[in-house]
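Asker: Right, I'll just put the structure down here and ask away after.
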Amino acid sequence: TAAMTLVAAAVKLECDLPVGIQILAGADFEALAVAHTAGLDFIRAEWDGPLIIKGILDPDDARQAADHGADGIVVSNHGGRQLDGVLSSARALPPIADAVGDRLTVLADGGVRSGLDVARMLALGAKGVMLGRAWAYALGADGEAGVARMLKLISAELRVAMALGGFTRIDQIDRSALAVPIES
C-alpha cells in the first residue's frame with residue numbers, strides 16, 4: 001500500500017518515477033524495500049509540502065518513513081480489505097508511536113466509529129484520528145447535514161469520554177486512560 005501511495009504521488013506531481021520503482025511489480029521483498037525508500041526520497045526531493053504516508057503497520061516502516069523525510073504517517077490497515085488477517089490499526093499503533101516518538105506526526109485510521117474510539121486511538125499514541133467510513137455513511141444518509149450531525153456526535157462522545165477519564169484537554173489523553181495497559 002505504501003508503494004501505491006508513492007506511485008499515486010508521483011503521478012499527481014506529473015513526474016517520472018525512478019527506475020527502482022519498476023521493481024514493485026516483482027516479488028523480491030528486499031528490492032521492494034529499496035524501491036520504497038528510493039521512491040520516498042524521490043518524492044521528498046520533488047515535493048516540499050507535507051508528506052504523509054498511509055498504510056504503516058510496522059515500527060520499522062514508521063522509522064524508515066521518518067528517516068526519509070516524511071512529515072507524518074497514517075497507521076492503517078485500509079479497513080482490512082486487502083488482507084483479512086492483518087493487524088488492526090489499534091493493535092499496531094502503540095509500538096509504532098513508541099518507535100517514532102515526536103520525529104513525525106502519527107495519525108490513526110481504521111475502526112473509528114465513535115468519540116470513544118477517537119479517545120482510544122489517542123490513548124494508544126495517535127496525535128490525530130481519521131474518520132474513514134463514518135463520514136461516508138453520514139454523507140450517504142443525509143448529505144452535508146448528516147456529516148455535520150456525525151461530527152457533532154463524535155465530538156460530544158469524545159467530550160464525555162474525556163470527562164469520565166478526568167481529562168480537560170485532548171493532549172492529556174495517554175495510555176493511562178486505557179482499562180488494560182498496552183505493552184509495546
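Going by the C-alpha cells order, chains are called A, B, ..., each with residues numbered from 1, while ligands are numbered from 1 in the order shown.
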Give the strand (DSSP E) residues of region 19-184 of chain A, as DSSP finds them on the backbone, and put them as a ChimeraX atom specification.

Answerer: /A:52-56,72-75,105-108,128-129

Asker: Find the residue from A:Ser88, A:Gly49, A:Asp98, A:Ala38 that sits nearest to Asp71 (chain A); use only C-alpha atoms when measuring.

Answerer: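 With only C-alpha atoms as the atom set, the closest residue is A:Gly49.
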
Asker: For the atom pair CA of Val112 (chain A) and CA of Leu153 (chain A), what is the interatomic distance in Å to one decimal place?

Answerer: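 Taking CA of Val112 (chain A) and CA of Leu153 (chain A), their separation equals 12.9 Å.
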
Asker: Using only C-alpha atoms, which of A:Leu40, A:Leu116, A:Ala66, A:Leu122 sits nearest Arg169 (chain A)?

Answerer: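 Ranked by minimum distance to Arg169 (chain A), first place goes to A:Leu122.
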